[in-house]
Structure formats: C-alpha cells, structure tokens
Amino acid sequence: QVQLVESGGGSVQAGGSLRLSCAASSAIDSRNYMAWFRQVPGQEREGVAALGSDGRTQYSNPVKGRFTIGHDNAKNVYLQMKSLKPEDTAVYYCAAGPTRPGKWAPTLRTRLYPDWGQGTQVTVSS
C-alpha cells in the first residue's frame with residue numbers, strides 16, 4: 001500500500017488556475033494507472049483525469065481541454081487546472097491503481113483504485 005498526500009488546493013476566482021500535486025510514499029510510476037477524482041458533499045465521487053501506464057490520458061467531459069494530468073517524477077503526479085469554474089469546486093483526491101504486468105489504459109472507474117489520498121479542497125468563486 002502507498003501513502004498519497006495531496007497539496008495545492010485553495011481558493012481562486014473563476015478563470016484562474018491551480019496546480020494540485022500528489023506526493024507518494026513510494027514510487028508510483030509502476031502503477032497501472034493514476035487518477036484524480038473530486039467530490040462535492042452529497043454527491044458521488046467522480047473521476048476527473050487519469051494517466052495510464054501506456055502513456056495515454058483520459059479526462060471527464062467537464063474538464064477536457066482545461067485540466068492536464070502528468071508525472072513530475074516517479075513519486076509525484078500533478079493536476080494542472082486552468083480556466084477554473086465555480087462548478088469545479090470540490091475536494092480533489094489522488095488515487096493509485098494496482099501494479100499488474102503490462103501496459104494499461106487510463107480509467108476513471110473509482111472501484112479500480114485501491115489507494116487514495118485524504119483530499120485537498122478547491123474552491124472557485126464567481
């Protein structure tokens with residue numbers, strides 16, 4: 001099991017940018033996939049962006065073209081968020097997938113991620 005710690009959240013006005021970072025206690029570049037999810041109180045957790053070990057990325061429709069997921073190094077994954085909107089307000093979670101052989105496509109299916117961080121709050125005001 002890996003420990004994940006998110007940082008970079010905060011308050012920003014609509015149209016602004018934030019860069020979230022997820023620091024892992026051990027290397028995560030061998031994970032089948034990594035992802036960012038977000039959750040608003042009273043709603044289900046939703047996938048935002050995922051990075052597969054095959055190098056491909058996947059984004060949810062609401063953030064496509066505005067968010068970018070990537071690795072800074074073997075123990076860090078980031079989420080660059082631009083043109084933020086009030087509806088992006090949520091707690092953002094980093095998640096790590098398993099380590100099975102082969103190259104894997106990205107996925108935003110919550111149940112496929114065994115390891116989760118504690119989350120970081122992002123608030124976008126209009």
# chains A, B, ... in the order shown; residues from 1 in each chain; ligands from 1
call {"tool": "residues_around", "arguments": {"residues": "Gly102 of chain A", "least_positions_apart": "5", "cutoff": "10 Å", "atoms": "only C-alpha atoms", "output": "ChimeraX atom specification"}}
result
/A:30,32,53-54
call {"tool": "select_by_dssp", "arguments": {"residues": "chain A", "states": "strand (DSSP E)", "output": "PyMOL selection string"}}
result
chain A and resi 4-7+10-13+18-24+33-39+46-52+57-59+67-73+76-81+90-96+115-116+120-125
call {"tool": "residues_around", "arguments": {"residues": "segment 34-38 of chain A", "least_positions_apart": "4", "cutoff": "8 Å", "atoms": "only C-alpha atoms", "output": "NGL selection string"}}
result
:A and (45-52 or 69 or 77 or 79 or 90-97 or 106-108)
call {"tool": "residues_around", "arguments": {"residues": "Gly15 of chain A", "least_positions_apart": "6", "cutoff": "8 Å", "atoms": "only C-alpha atoms", "output": "list in words"}}
result
Lys82, Ser83, Leu84 and Lys85 of chain A
call {"tool": "closest_residue", "arguments": {"among": "A:Ala24, A:Val122, A:Leu4, A:Leu18", "to": "Asp88 of chain A", "atoms": "only C-alpha atoms"}}
result
A:Val122
call {"tool": "atom_distance", "arguments": {"atom1": "atom CA of Asn73 of chain A", "atom2": "atom CA of Thr57 of chain A"}}
result
16.6 Å
call {"tool": "closest_residue", "arguments": {"among": "A:Gln80, A:Gln58, A:Thr68, A:Thr120", "to": "Ala105 of chain A", "atoms": "only C-alpha atoms"}}
result
A:Gln58
call {"tool": "closest_residue", "arguments": {"among": "A:Pro98, A:Pro86, A:Gly70, A:Gly10", "to": "Tyr33 of chain A", "atoms": "only C-alpha atoms"}}
result
A:Pro98
call {"tool": "atom_distance", "arguments": {"atom1": "atom CA of Gly8 of chain A", "atom2": "atom CA of Arg109 of chain A"}}
result
23.9 Å
call {"tool": "closest_residue", "arguments": {"among": "A:Gln39, A:Gln3, A:Ser60, A:Asn76", "to": "Ser21 of chain A", "atoms": "only C-alpha atoms"}}
result
A:Asn76
call {"tool": "atom_distance", "arguments": {"atom1": "atom CA of Val5 of chain A", "atom2": "atom CA of Trp104 of chain A"}}
result
23.5 Å
call {"tool": "residues_around", "arguments": {"residues": "Glu87 of chain A", "least_positions_apart": "4", "cutoff": "10 Å", "atoms": "only C-alpha atoms", "output": "list in words"}}
result
Ala14, Val40, Pro62, Thr123, Val124, Ser125 and Ser126 of chain A
